[in-house]
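Take a look at the structure set out below.
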Amino acid sequence: MVRIEGLADLKPVHQRQAAVLALWRWRAPILAFELDAEWGVDQSVLESLFRLAASPAGEQSDRAYRRAIAELCTAPLFTSEVDPGTLPPHP
């Protein structure tokens with residue numbers, strides 16, 4: 001198993017492979033999870049991210065993978081300054 005601290009030392013293609021291995025078992029639950037619209041996470045971006053992460057590495061695939069990550073990182077869920085512990089429970 002790759003430790004988080006060691007990921008920065010890996011080549012980008014190996015970082016991508018490590019991410020796929022670490023997250024793949026969460027793929028089905030994440031894609032089945034009903035996302036709150038206020039989070040701004042587009043389901044198609046998540047699906048694309050998993051598909052691209054598992055695709056063979058290459059210049060075009062790597063660019064598309066990085067774009068999908070960048071798009072996901074701009075979602076309000078990840079950019080909000082709100083402490084999740086202060087939000088009321090979602091019905």
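Every chain in the structure tokens takes a letter, A first, then B, and so on in the order presented; its residues are numbered from 1, and the ligands are numbered from 1 following the presented order.
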
Hey, what's within 12 Å of Ala53 in chain A if we count only C-alpha atoms and toss same-chain stuff fewer than 3 positions away? As a compact mmCIF listing (two decimals) with C-alpha atoms, in the first residue's frame, please?
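Here's the written file result.txt:
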```txt
# COMPACT_ATOMS: atom_id res chain seq x y z
CA PRO A 12 2.29 11.35 -12.24
CA VAL A 13 1.22 8.12 -13.95
CA HIS A 14 1.88 6.20 -10.74
CA GLN A 15 0.06 8.84 -8.67
CA ARG A 16 -2.94 8.32 -10.93
CA GLN A 17 -2.75 4.53 -10.57
CA ALA A 18 -2.48 4.82 -6.77
CA ALA A 19 -5.52 7.13 -6.71
CA VAL A 20 -7.54 4.68 -8.81
CA LEU A 21 -6.64 1.76 -6.57
CA ALA A 22 -7.44 3.72 -3.41
CA LEU A 23 -10.78 5.09 -4.64
CA TRP A 24 -12.12 2.35 -6.92
CA ARG A 27 -16.86 4.31 -7.08
CA VAL A 45 -17.75 14.95 -13.80
CA LEU A 46 -17.45 12.22 -11.16
CA GLU A 47 -18.28 9.52 -13.70
CA SER A 48 -15.77 10.99 -16.13
CA LEU A 49 -13.11 11.21 -13.44
CA PHE A 50 -13.42 7.50 -12.58
CA PRO A 56 -4.54 3.96 -20.11
CA ALA A 57 -2.20 6.85 -19.42
CA GLY A 58 -1.27 9.07 -22.32
CA SER A 61 -5.94 11.06 -21.32
CA ASP A 62 -3.73 12.80 -18.74
CA ARG A 63 -4.93 16.25 -19.84
CA ALA A 64 -8.58 15.18 -19.65
CA TYR A 65 -7.99 13.60 -16.23
CA ARG A 66 -6.37 16.79 -14.89
CA ARG A 67 -9.26 18.88 -16.30
CA ALA A 68 -11.82 16.65 -14.56
CA ILE A 69 -9.95 16.97 -11.25
```

Next item on the list: Would you mind writing down, as a PyMOL selection string, each residue of chain A that DSSP on the backbone assigns to alpha helix (DSSP H)?
Entry: chain A and resi 4-7+12-23+27-32+43-54+59-73+76-79

Notebook entry, point to check: CA of Trp26 in chain A and CA of Lys11 in chain A are how many Å apart?
Noted result: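 These two atoms are separated by 23.6 Å.
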
Checklist line | For CA of Ala8 in chain A and CA of Gly40 in chain A, the interatomic separation in Å (one decimal) | finding: 28.1 Å
